[in-house]
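Engineer: Contents of start37.txt (compact mmCIF, C-alpha atoms (C1' of nucleotides)):
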```
# COMPACT_ATOMS: atom_id res chain seq x y z
CA MET L 15 28.61 27.17 -10.83
CA PRO L 16 28.53 23.43 -10.30
CA TYR L 17 24.76 23.03 -10.39
CA THR L 18 22.96 24.49 -13.40
CA LEU L 19 19.25 24.70 -14.03
CA GLU L 20 19.63 22.09 -16.70
CA HIS L 21 21.32 19.77 -14.26
CA LYS L 22 18.43 20.18 -11.87
CA ARG L 23 15.94 19.39 -14.60
CA ILE L 24 17.81 16.21 -15.43
CA SER L 25 17.90 15.13 -11.80
CA ARG L 26 14.19 15.75 -11.55
CA GLU L 27 13.53 13.64 -14.62
CA LYS L 28 15.63 10.82 -13.21
CA ILE L 29 13.62 10.85 -10.00
CA LEU L 30 10.36 10.86 -11.94
CA LYS L 31 11.49 7.95 -14.06
CA SER L 32 12.46 5.92 -11.00
CA ALA L 33 9.21 6.84 -9.33
CA TRP L 34 7.15 5.73 -12.30
CA SER L 35 8.90 2.40 -12.42
CA LEU L 36 9.12 1.63 -8.70
CA PHE L 37 5.71 2.89 -7.64
CA SER L 38 4.10 0.93 -10.45
CA ARG L 39 5.86 -2.30 -9.60
CA ARG L 40 5.59 -2.15 -5.82
CA GLY L 41 2.92 0.39 -4.91
CA PHE L 42 3.28 3.69 -3.10
CA ASP L 43 3.79 2.35 0.41
CA ASN L 44 6.32 -0.28 -0.48
CA VAL L 45 8.78 2.19 -1.97
CA SER L 46 10.77 4.37 0.40
CA ILE L 47 12.38 7.67 -0.54
CA ASP L 48 15.67 5.88 0.00
CA ASP L 49 14.71 3.30 -2.62
CA LEU L 50 13.65 5.96 -5.07
CA MET L 51 16.68 8.14 -4.71
CA SER L 52 19.23 5.38 -4.83
CA ASP L 53 17.52 4.06 -7.96
CA ALA L 54 17.91 7.54 -9.40
CA GLY L 55 21.56 7.62 -8.37
CA MET L 56 21.28 10.06 -5.48
CA THR L 57 20.70 10.02 -1.73
CA ARG L 58 17.71 10.81 0.39
CA GLY L 59 18.47 14.40 1.26
CA ALA L 60 18.48 15.53 -2.35
CA PHE L 61 14.86 14.53 -2.73
CA TYR L 62 13.47 17.60 -1.05
CA ALA L 63 15.20 19.97 -3.45
CA HIS L 64 12.77 18.67 -6.07
CA PHE L 65 9.53 17.66 -4.37
CA GLY L 66 7.81 18.75 -1.20
CA THR L 67 6.44 15.37 -0.17
CA LYS L 68 6.45 11.78 -1.31
CA SER L 69 2.79 12.12 -2.23
CA GLU L 70 3.51 15.09 -4.47
CA LEU L 71 6.05 13.00 -6.35
CA TYR L 72 3.43 10.28 -6.74
CA ARG L 73 1.10 12.70 -8.44
CA GLU L 74 3.83 14.02 -10.71
CA ALA L 75 4.97 10.54 -11.62
CA ILE L 76 1.47 9.60 -12.73
CA LEU L 77 1.12 12.79 -14.74
CA SER L 78 4.47 12.24 -16.44
CA VAL L 79 2.80 9.50 -18.48
CA LEU L 80 1.01 12.23 -20.38
CA ALA L 81 4.31 13.53 -21.69
CA HIS L 82 6.40 10.39 -21.93
CA GLY L 83 3.97 7.48 -22.17
CA ARG L 84 3.61 4.97 -24.96
CA LEU L 85 0.29 6.56 -25.78
CA ASN L 86 2.12 9.39 -27.48
CA GLN L 87 3.89 7.10 -29.92
CA ARG L 88 2.54 7.30 -33.43
CA GLU L 89 4.36 4.25 -34.76
CA PRO L 90 3.95 2.20 -36.68
CA ASP L 91 3.28 5.08 -39.02
CA GLY L 92 0.89 5.17 -41.93
CA ILE L 93 -1.48 2.49 -40.70
CA SER L 94 -5.20 2.82 -40.24
CA ASP L 95 -6.85 3.89 -37.01
CA LYS L 96 -8.20 0.44 -36.31
CA ALA L 97 -4.88 -1.19 -37.01
CA TRP L 98 -3.13 1.22 -34.65
CA LEU L 99 -5.66 0.46 -31.97
CA LYS L 100 -5.15 -3.26 -32.36
CA PHE L 101 -1.42 -2.71 -32.20
CA LEU L 102 -1.92 -0.82 -28.95
CA LEU L 103 -4.13 -3.56 -27.54
CA ASN L 104 -1.63 -6.24 -28.42
CA GLY L 105 1.19 -4.54 -26.56
CA TYR L 106 -0.96 -3.51 -23.62
CA LEU L 107 -2.46 -6.94 -23.09
CA SER L 108 0.83 -8.79 -23.00
CA ARG L 109 3.00 -10.63 -20.51
CA GLY L 110 5.79 -8.24 -21.44
CA HIS L 111 3.77 -5.29 -20.19
CA ILE L 112 2.92 -7.12 -16.99
CA GLU L 113 6.31 -8.58 -16.24
CA LYS L 114 9.09 -6.59 -17.86
CA GLU L 115 7.99 -3.15 -18.98
CA PRO L 116 10.01 -0.52 -17.04
CA SER L 117 7.39 2.15 -17.63
CA PRO L 118 4.08 0.32 -17.37
CA CYS L 119 0.64 1.85 -17.49
CA PRO L 120 -0.17 3.43 -14.11
CA LEU L 121 -3.88 3.12 -14.81
CA ALA L 122 -3.55 -0.64 -14.54
CA PHE L 123 -0.63 -0.95 -12.14
CA LEU L 124 -1.89 1.58 -9.61
CA VAL L 125 -5.70 1.44 -9.68
CA THR L 126 -6.29 0.26 -6.15
CA ASP L 127 -3.28 2.12 -4.86
CA VAL L 128 -4.57 5.45 -6.14
CA ALA L 129 -8.07 4.88 -4.80
CA ASN L 130 -6.69 5.00 -1.27
CA ARG L 131 -4.93 8.35 -1.75
CA GLU L 132 -5.56 12.07 -1.48
CA PRO L 133 -7.45 14.11 -4.08
CA PRO L 134 -4.41 15.47 -5.98
CA VAL L 135 -3.27 11.94 -6.73
CA ARG L 136 -6.72 10.80 -7.78
CA ASP L 137 -7.00 13.89 -9.95
CA ALA L 138 -3.80 12.91 -11.76
CA TYR L 139 -5.16 9.41 -12.30
CA THR L 140 -8.39 10.84 -13.68
CA GLN L 141 -6.50 13.01 -16.15
CA VAL L 142 -4.54 10.04 -17.48
CA TYR L 143 -7.69 7.97 -17.66
CA ARG L 144 -9.44 10.62 -19.74
CA LYS L 145 -6.48 10.68 -22.06
CA LEU L 146 -6.65 6.92 -22.68
CA VAL L 147 -10.39 7.02 -23.24
CA GLY L 148 -10.02 9.95 -25.64
CA LEU L 149 -7.31 8.19 -27.56
CA ILE L 150 -9.35 5.05 -28.04
CA GLU L 151 -12.36 7.10 -29.00
CA GLN L 152 -10.31 8.78 -31.74
CA HIS L 153 -9.25 5.48 -33.23
CA CYS L 154 -12.50 3.59 -33.39
CA ASP L 155 -15.90 4.76 -34.51
CA GLN L 156 -17.91 3.22 -31.74
CA ASP L 157 -20.18 4.88 -29.21
CA SER L 158 -18.70 5.92 -25.90
CA ASP L 159 -20.21 2.92 -24.10
CA VAL L 160 -18.09 0.55 -26.11
CA VAL L 161 -15.04 2.76 -25.71
CA MET L 162 -15.35 2.83 -21.93
CA ALA L 163 -16.02 -0.89 -21.78
CA ILE L 164 -12.87 -1.53 -23.79
CA THR L 165 -10.73 0.61 -21.47
CA ALA L 166 -12.23 -1.15 -18.45
CA MET L 167 -11.35 -4.50 -20.00
CA MET L 168 -7.82 -3.41 -20.79
CA ILE L 169 -7.09 -1.96 -17.37
CA GLY L 170 -8.94 -4.76 -15.63
CA GLY L 171 -7.18 -7.45 -17.65
CA VAL L 172 -3.70 -6.16 -16.92
CA SER L 173 -4.27 -5.42 -13.25
CA ILE L 174 -5.92 -8.78 -12.61
CA GLY L 175 -3.15 -10.46 -14.56
CA ARG L 176 -0.63 -8.96 -12.19
CA ALA L 177 -2.48 -10.28 -9.15
CA LEU L 178 -3.03 -13.84 -10.37
CA ASP L 179 -0.69 -16.61 -9.37
CA ASP L 180 -1.10 -18.86 -12.40
CA SER L 181 0.61 -17.85 -15.62
CA GLU L 182 -1.56 -20.07 -17.79
CA LEU L 183 -4.65 -18.37 -16.45
CA VAL L 184 -3.03 -14.99 -17.09
CA ASP L 185 -2.35 -15.87 -20.72
CA GLN L 186 -5.92 -17.02 -21.12
CA LEU L 187 -7.23 -13.81 -19.57
CA LEU L 188 -5.07 -11.54 -21.72
CA SER L 189 -5.92 -13.30 -24.95
CA SER L 190 -9.63 -13.41 -24.13
CA VAL L 191 -9.73 -9.69 -23.45
CA GLU L 192 -7.81 -8.98 -26.63
CA LYS L 193 -10.15 -11.09 -28.74
CA VAL L 194 -13.33 -9.62 -27.34
CA ALA L 195 -11.96 -6.07 -27.54
CA GLU L 196 -11.06 -6.59 -31.19
CA ARG L 197 -14.49 -7.98 -31.87
CA LEU L 198 -16.09 -4.91 -30.31
CA ILE L 199 -13.89 -2.64 -32.41
CA ASP L 200 -14.81 -4.40 -35.63
CA GLU L 201 -18.53 -4.59 -34.91
CA LYS L 202 -21.01 -2.49 -36.81
CA MET C 28 -14.07 -21.60 31.88
CA PRO C 29 -14.36 -18.02 30.67
CA TYR C 30 -13.12 -18.61 27.12
CA THR C 31 -14.81 -21.37 25.16
CA LEU C 32 -13.93 -22.67 21.72
CA GLU C 33 -17.10 -21.10 20.44
CA HIS C 34 -16.07 -17.76 21.85
CA LYS C 35 -12.74 -18.01 20.04
CA ARG C 36 -14.49 -18.81 16.78
CA ILE C 37 -16.68 -15.77 17.17
CA SER C 38 -13.69 -13.52 17.89
CA ARG C 39 -11.94 -14.87 14.83
CA GLU C 40 -14.96 -14.15 12.67
CA LYS C 41 -15.14 -10.61 14.01
CA ILE C 42 -11.50 -10.03 13.11
CA LEU C 43 -12.04 -11.47 9.64
CA LYS C 44 -15.06 -9.27 9.07
CA SER C 45 -13.16 -6.16 10.13
CA ALA C 46 -10.22 -7.19 7.96
CA TRP C 47 -12.39 -7.69 4.90
CA SER C 48 -13.93 -4.28 5.33
CA LEU C 49 -10.87 -2.26 6.31
CA PHE C 50 -8.34 -3.86 3.98
CA SER C 51 -10.75 -3.41 1.07
CA ARG C 52 -11.40 0.22 1.79
CA ARG C 53 -7.85 1.32 2.67
CA GLY C 54 -5.45 -1.33 1.40
CA PHE C 55 -3.18 -3.63 3.35
CA ASP C 56 -0.53 -1.10 4.34
CA ASN C 57 -2.90 1.60 5.47
CA VAL C 58 -4.55 -0.58 8.09
CA SER C 59 -2.66 -1.28 11.29
CA ILE C 60 -3.30 -4.22 13.57
CA ASP C 61 -4.45 -1.62 16.09
CA ASP C 62 -7.07 -0.39 13.62
CA LEU C 63 -8.25 -3.91 12.86
CA MET C 64 -8.52 -5.05 16.42
CA SER C 65 -10.23 -1.96 17.75
CA ASP C 66 -12.73 -2.23 14.89
CA ALA C 67 -13.32 -5.81 16.01
CA GLY C 68 -13.73 -4.67 19.60
CA MET C 69 -10.44 -5.98 20.98
CA THR C 70 -6.87 -4.81 21.48
CA ARG C 71 -3.66 -5.51 19.63
CA GLY C 72 -2.32 -8.29 21.82
CA ALA C 73 -5.30 -10.56 21.18
CA PHE C 74 -4.55 -10.62 17.49
CA TYR C 75 -1.78 -13.17 17.76
CA ALA C 76 -4.02 -15.73 19.44
CA HIS C 77 -5.79 -16.02 16.08
CA PHE C 78 -3.30 -15.29 13.32
CA GLY C 79 0.45 -15.62 13.02
CA THR C 80 1.06 -12.52 10.94
CA LYS C 81 -0.83 -9.64 9.42
CA SER C 82 -0.22 -11.13 5.99
CA GLU C 83 -1.79 -14.43 7.04
CA LEU C 84 -4.92 -12.56 8.06
CA TYR C 85 -4.95 -10.84 4.69
CA ARG C 86 -5.04 -14.17 2.93
CA GLU C 87 -7.78 -15.50 5.19
CA ALA C 88 -9.85 -12.36 4.78
CA ILE C 89 -9.75 -12.71 1.00
CA LEU C 90 -10.66 -16.38 1.20
CA SER C 91 -13.57 -15.66 3.53
CA VAL C 92 -15.42 -14.26 0.53
CA LEU C 93 -15.82 -17.82 -0.69
CA ALA C 94 -17.92 -18.66 2.35
CA HIS C 95 -19.64 -15.37 3.09
CA GLY C 96 -19.65 -13.38 -0.17
CA ARG C 97 -22.63 -12.14 -2.12
CA LEU C 98 -21.74 -14.66 -4.81
CA ASN C 99 -23.30 -17.38 -2.71
CA GLN C 100 -26.67 -15.71 -2.60
CA ARG C 101 -29.27 -17.40 -4.72
CA GLU C 102 -31.86 -14.63 -4.52
CA PRO C 103 -33.93 -13.52 -6.12
CA ASP C 104 -35.10 -17.09 -6.41
CA GLY C 105 -36.79 -18.73 -9.33
CA ILE C 106 -35.41 -16.42 -12.00
CA SER C 107 -33.54 -17.44 -15.13
CA ASP C 108 -29.75 -17.71 -15.32
CA LYS C 109 -29.46 -14.65 -17.50
CA ALA C 110 -31.72 -12.61 -15.27
CA TRP C 111 -29.69 -13.61 -12.23
CA LEU C 112 -26.50 -12.60 -14.00
CA LYS C 113 -27.92 -9.21 -14.90
CA PHE C 114 -29.04 -8.80 -11.32
CA LEU C 115 -25.48 -9.53 -10.20
CA LEU C 116 -24.05 -7.08 -12.71
CA ASN C 117 -26.41 -4.35 -11.64
CA GLY C 118 -25.40 -4.60 -8.01
CA TYR C 119 -21.72 -5.05 -8.73
CA LEU C 120 -21.48 -2.10 -11.09
CA SER C 121 -23.08 0.38 -8.74
CA ARG C 122 -22.10 3.42 -6.72
CA GLY C 123 -23.41 1.59 -3.66
CA HIS C 124 -20.84 -1.16 -4.13
CA ILE C 125 -18.08 1.39 -4.59
CA GLU C 126 -19.02 3.77 -1.82
CA LYS C 127 -21.04 2.07 0.88
CA GLU C 128 -20.81 -1.70 0.75
CA PRO C 129 -19.20 -2.92 3.99
CA SER C 130 -18.12 -6.20 2.40
CA PRO C 131 -17.08 -5.22 -1.13
CA CYS C 132 -15.54 -7.48 -3.75
CA PRO C 133 -11.84 -7.95 -2.96
CA LEU C 134 -11.14 -8.78 -6.60
CA ALA C 135 -11.91 -5.19 -7.50
CA PHE C 136 -10.93 -3.41 -4.30
CA LEU C 137 -7.59 -5.15 -3.85
CA VAL C 138 -6.26 -5.96 -7.34
CA THR C 139 -3.17 -3.83 -7.26
CA ASP C 140 -2.68 -4.35 -3.57
CA VAL C 141 -2.57 -8.12 -3.94
CA ALA C 142 -0.20 -7.99 -6.90
CA ASN C 143 2.48 -6.58 -4.60
CA ARG C 144 2.19 -9.36 -2.03
CA GLU C 145 3.55 -12.81 -1.27
CA PRO C 146 2.40 -16.01 -3.02
CA PRO C 147 -0.11 -17.17 -0.36
CA VAL C 148 -2.04 -13.92 -0.75
CA ARG C 149 -1.97 -14.07 -4.53
CA ASP C 150 -3.07 -17.67 -4.36
CA ALA C 151 -6.12 -16.65 -2.33
CA TYR C 152 -6.94 -13.97 -4.88
CA THR C 153 -6.64 -16.49 -7.69
CA GLN C 154 -9.05 -18.86 -5.96
CA VAL C 155 -11.66 -16.14 -5.59
CA TYR C 156 -11.13 -15.07 -9.18
CA ARG C 157 -11.73 -18.60 -10.44
CA LYS C 158 -14.90 -18.72 -8.41
CA LEU C 159 -16.28 -15.57 -10.02
CA VAL C 160 -15.35 -16.74 -13.52
CA GLY C 161 -16.94 -20.12 -12.85
CA LEU C 162 -20.10 -18.53 -11.58
CA ILE C 163 -20.51 -16.32 -14.62
CA GLU C 164 -19.75 -19.24 -16.88
CA GLN C 165 -22.57 -21.19 -15.26
CA HIS C 166 -25.08 -18.45 -15.85
CA CYS C 167 -24.47 -17.55 -19.47
CA ASP C 168 -23.93 -19.80 -22.44
CA GLN C 169 -21.04 -17.92 -23.96
CA ASP C 170 -17.53 -19.14 -24.71
CA SER C 171 -14.86 -18.61 -22.10
CA ASP C 172 -13.40 -15.63 -23.96
CA VAL C 173 -16.56 -13.64 -23.43
CA VAL C 174 -16.83 -14.79 -19.83
CA MET C 175 -13.30 -13.66 -19.01
CA ALA C 176 -13.79 -10.38 -20.82
CA ILE C 177 -16.92 -9.72 -18.79
CA THR C 178 -15.15 -10.39 -15.50
CA ALA C 179 -12.28 -8.11 -16.56
CA MET C 180 -14.80 -5.37 -17.37
CA MET C 181 -16.57 -5.79 -14.05
CA ILE C 182 -13.45 -5.79 -11.93
CA GLY C 183 -11.85 -3.09 -14.04
CA GLY C 184 -14.95 -0.91 -13.95
CA VAL C 185 -15.31 -1.00 -10.18
CA SER C 186 -11.62 -0.57 -9.40
CA ILE C 187 -11.23 2.32 -11.85
CA GLY C 188 -14.41 3.84 -10.49
CA ARG C 189 -12.87 3.87 -7.05
CA ALA C 190 -9.78 5.67 -8.29
CA LEU C 191 -11.51 8.37 -10.32
CA ASP C 192 -12.15 11.79 -8.89
CA ASP C 193 -15.24 12.71 -10.88
CA SER C 194 -18.52 11.10 -9.91
CA GLU C 195 -20.18 11.86 -13.23
CA LEU C 196 -17.42 10.05 -15.03
CA VAL C 197 -17.80 7.14 -12.63
CA ASP C 198 -21.53 6.86 -13.36
CA GLN C 199 -20.82 6.92 -17.05
CA LEU C 200 -18.17 4.21 -16.69
CA LEU C 201 -20.37 1.93 -14.62
CA SER C 202 -23.36 2.24 -16.89
CA SER C 203 -21.26 1.73 -20.02
CA VAL C 204 -19.73 -1.44 -18.65
CA GLU C 205 -23.13 -2.71 -17.59
CA LYS C 206 -24.65 -2.06 -21.02
CA VAL C 207 -21.85 -3.69 -22.97
CA ALA C 208 -21.70 -6.64 -20.60
CA GLU C 209 -25.43 -7.19 -21.01
CA ARG C 210 -25.07 -6.97 -24.74
CA LEU C 211 -22.35 -9.62 -24.69
CA ILE C 212 -24.52 -11.87 -22.55
CA ASP C 213 -27.48 -11.58 -24.88
CA GLU C 214 -25.51 -12.04 -28.07
CA LYS C 215 -25.78 -15.19 -30.15
C1' DG I 20 21.99 20.69 -5.26
C1' DT I 21 23.52 17.03 -2.88
C1' DC I 22 25.39 14.99 1.06
C1' DT I 23 25.35 12.80 6.07
C1' DA I 24 23.18 12.78 10.50
C1' DT I 25 19.23 12.80 13.18
C1' DA I 26 14.73 13.87 15.07
C1' DG I 27 10.23 12.03 15.64
C1' DA I 28 6.39 9.02 14.58
C1' DA I 29 4.29 4.70 13.34
C1' DA I 30 3.66 -0.03 13.34
C1' DG I 31 4.70 -5.34 13.58
C1' DA I 32 5.62 -8.55 16.79
C1' DT I 33 6.78 -10.40 21.58
C1' DA I 34 6.50 -10.84 26.94
C1' DG I 35 4.14 -11.46 30.89
C1' DA I 36 0.04 -10.48 33.94
C1' DC I 37 -4.78 -11.78 34.68
C1' DG J 13 -8.01 -15.40 25.25
C1' DT J 14 -7.26 -10.87 26.01
C1' DC J 15 -4.88 -7.23 28.11
C1' DT J 16 -0.89 -3.60 28.70
C1' DA J 17 3.93 -2.65 28.12
C1' DT J 18 7.84 -2.82 25.33
C1' DC J 19 11.40 -4.02 21.90
C1' DT J 20 12.78 -3.07 17.35
C1' DT J 21 12.62 -1.63 12.78
C1' DT J 22 11.35 1.42 9.29
C1' DC J 23 10.54 5.60 7.26
C1' DT J 24 9.27 10.68 6.41
C1' DA J 25 11.05 14.89 6.93
C1' DT J 26 14.44 18.34 8.68
C1' DA J 27 19.20 20.44 9.83
C1' DG J 28 23.50 21.74 8.63
C1' DA J 29 28.01 20.94 6.11
C1' DC J 30 30.16 21.26 1.51
```
Take the structure in the file and write it out as C-alpha cells.

Structural biologist:
Amino acid sequence: MPYTLEHKRISREKILKSAWSLFSRRGFDNVSIDDLMSDAGMTRGAFYAHFGTKSELYREAILSVLAHGRLNQREPDGISDKAWLKFLLNGYLSRGHIEKEPSPCPLAFLVTDVANREPPVRDAYTQVYRKLVGLIEQHCDQDSDVVMAITAMMIGGVSIGRALDDSELVDQLLSSVEKVAERLIDEK
Amino acid sequence: MPYTLEHKRISREKILKSAWSLFSRRGFDNVSIDDLMSDAGMTRGAFYAHFGTKSELYREAILSVLAHGRLNQREPDGISDKAWLKFLLNGYLSRGHIEKEPSPCPLAFLVTDVANREPPVRDAYTQVYRKLVGLIEQHCDQDSDVVMAITAMMIGGVSIGRALDDSELVDQLLSSVEKVAERLIDEK
DNA sequence: GTCTATAGAAAGATAGAC
DNA sequence: GTCTATCTTTCTATAGAC
C-alpha cells in the first residue's frame, strides 16, 4: 500500500501551507494551481484528490490559521497579559511581518481579496477576525470599542504598509500605530 | 470632423469613472476590459485609443481620486476643522460607503489588491495615501503618530468591514472605530 | 494518490474596416 | 475614435494511466 492515510494528511498539510504563503503574498487570482502544487512538491493533477475547487482551498487555507497561527503561541511564557499583547503588537507591526514572514496574517494580507469572494471564504475570514478580536479582548481590560479600534489599526497598518511604495513612510506608519495602540492599552 | 478632442476627453473620463467604480468593487483581476468598456458605453477595441495597458488605467483610476474624490469637498462650509473631520469620519465609516458608494475610497477598497501590483500602481496609491494623511493633519492639531493611527483605523475599518460576513459585526466595527477616532481627535 | 495530457473557457492585446 | 474579428496565452478542471 504505497499511499497511506497519513501520507495523504501530510500532502494536504503541505498544500495548505503553500496556499497560506502564496495566496497571502500574491492574492487569490495571481496564484495558479500549478504554482501551488509545485510549491508543495507535487503536480497539478494531485490537487483534486484533496480539494474540490481552488476556492475551497482558499477557505481552508484561511481557516488553517486558527490551528497553526502565531496567535496560538503562548511564549514568551510567564509574562503579564499587557506585556504579551505588546509583544504581539511589536511582531505584527513590523517590516519582518510585511516582507519576510512565510505565514503572514491573512486578515491583513487578504482583506480586499476576501471581500471580492464567495460567502464561504468571507465566513472563514470572519471566523479568524473574531478570534483575533477575542484574543486582544482577553489580554487588555478595555471596552470593546477600544479593542476593535486596535484590531482595525493593526490590520490597517500592515495592509497599507504592504501597498505603500516608500519604506520610510512604512516605518513611520508601523511605529505610529504601535505607539498609539500601546497608549490605548495603557489608558485608564 | 466626427471625433473632437473634447469628445476624446469625455470618453476618457467615462472610462476612468467606470474603472474607479468597478475596480474598487471587484478588484483588478475580476474586471475585464470588456466589463469596463461596456460599463462606459463602448466596446473593447476603443480602450487602446486611451490607455496602453489595463494596468496603466488602474494607476490613472487611483490617481483620479486626487481630482474628483470626496476629499476635495469643502462642505459643509463654515464649520470648524474638528467638525469637518468628524463629518468626514462619519461618512467614511458608514455602511453606505461600504455598500452603495459608486466612487468609494480606493485606499480602503484596494489595499491588498494594490500591494500585489507593479511600482507605478503602488506609487499612485502612495500619493493618495499621503493626501489623506495630509488632510487629516490639517484638520486636527495632533502629532503625526495620532494622525497616522487614525488613517490606519479608517482604512482598516472599511476594508475589514467589506470582508466580513456579518452585518451586525460590521456595524459594531464601524461605530467603534468612529468613537475611538473621535476620542483621539478631542484628546489633549 | 499522483502523474501527464487535454478539453474548454476567459481575457489581454492587436489588426484592419469605417 | 470606435468598431468587429482574431491571435495568443493562461488557467481551471477532467480523463485516464500507473

Engineer: Tell me which protein, DNA and RNA residues are within 12 Å of Ala97 in chain L, counting all atoms listed in the file, leaving out same-chain ones fewer than 4 positions away, and put them as a ChimeraX atom specification.

Structural biologist: /L:88-93,101-104,150,153-154,196,199-200

Engineer: Using all atoms listed in the file, determine which residues of chain J fall within 9 Å of chain L; present them as a PyMOL selection string.

Structural biologist: chain J and resi 23-25

Engineer: Applying 7 Å and only C-alpha atoms (C1' of nucleotides), which residues near range 180-195 of chain C remain after dropping the ones on its own chain fewer than 4 positions away? List them as a PyMOL selection string.

Structural biologist: (chain L and resi 125-126+128-129+136-137+139-140+163+166-167+169-170) or (chain C and resi 120+125+134-136+176+199-201+204)

Engineer: Record the distance separating CA of Ser117 in chain L and CA of Phe42 in chain L, expressed in Å with one decimal.

Structural biologist: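 Atom-to-atom, CA of Ser117 in chain L and CA of Phe42 in chain L are spaced 15.2 Å apart.
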
Engineer: Using only C-alpha atoms (C1' of nucleotides), which chain I residues lie at most 7 Å away from chain L, written as a PDB file with C-alpha atoms (C1' of nucleotides), in the coordinates of the input?

Structural biologist:
```
ATOM      1  C1'  DG I  20      21.990  20.690  -5.260  1.00  0.00           C
ATOM      2  C1'  DT I  21      23.520  17.030  -2.880  1.00  0.00           C
ATOM      3  C1'  DC I  22      25.390  14.990   1.060  1.00  0.00           C
TER       4       DC I  22
END
```

Engineer: Please provide as an mmCIF file with C-alpha atoms, in the frame of the given file all residues within 7 Å of range 70-85 of chain L, with the sequence filter that same-chain residues fewer than 4 positions apart are discarded (counting all atoms listed in the file).

Structural biologist:
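Result file follows (selection.cif):
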```
data_model
loop_
_atom_site.group_PDB
_atom_site.id
_atom_site.type_symbol
_atom_site.label_atom_id
_atom_site.label_comp_id
_atom_site.auth_asym_id
_atom_site.auth_seq_id
_atom_site.Cartn_x
_atom_site.Cartn_y
_atom_site.Cartn_z
ATOM 1 C CA LEU L 30 10.360 10.860 -11.940
ATOM 2 C CA ALA L 33 9.210 6.840 -9.330
ATOM 3 C CA TRP L 34 7.150 5.730 -12.300
ATOM 4 C CA PHE L 65 9.530 17.660 -4.370
ATOM 5 C CA GLY L 66 7.810 18.750 -1.200
ATOM 6 C CA PRO L 120 -0.170 3.430 -14.110
ATOM 7 C CA PRO L 134 -4.410 15.470 -5.980
ATOM 8 C CA VAL L 135 -3.270 11.940 -6.730
ATOM 9 C CA ALA L 138 -3.800 12.910 -11.760
ATOM 10 C CA TYR L 139 -5.160 9.410 -12.300
ATOM 11 C CA VAL L 142 -4.540 10.040 -17.480
#
```

Engineer: Just give me the gap between CA of Val207 in chain C and CA of Ile164 in chain L in Å, one decimal is fine.

Structural biologist: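 Answer for the CA of Val207 in chain C to CA of Ile164 in chain L separation: 9.3 Å.
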
Engineer: With all atoms listed in the file as the basis for distance, which of L:Asn86, L:Ser52, L:Asn44, L:Ser94 is at the shortest distance from chain C?

Structural biologist: L:Asn44

Engineer: Tell me, in Å to one decimal, how far CA of Ala195 in chain L is from CA of Gly118 in chain C.

Structural biologist: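 Calculated distance between CA of Ala195 in chain L and CA of Gly118 in chain C is 23.8 Å.
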
Engineer: Which is closest to chain C among L:Val160, L:Leu149, L:Val184, L:Leu50, if we use all atoms listed in the file?

Structural biologist: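 Among the listed residues, L:Val160 lies closest to chain C.
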
Engineer: List the residues sitting within 10 Å of (21.5, 20.9, 7.7) in the file's frame, using all atoms listed in the file, as an NGL selection string.

Structural biologist: (:L and (59)) or (:I and (22-24)) or (:J and (26-29))

Engineer: Mind listing as number ranges by chain all residues within 6 Å of (-13.4, -12.6, -13.0), counting all atoms listed in the file?

Structural biologist: C: 156, 159-160, 178-179

Engineer: Give me, as a list in words, all polymer residues having an atom no more than 9 Å from Ser32 in chain L, counting all atoms listed in the file and skipping those fewer than 5 positions away in the same chain.

Structural biologist: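 With the cut-off at 9 Å, the set is Glu27, Phe37, Leu50, Met51, Asp53, Ala54 and Ala75 of chain L.
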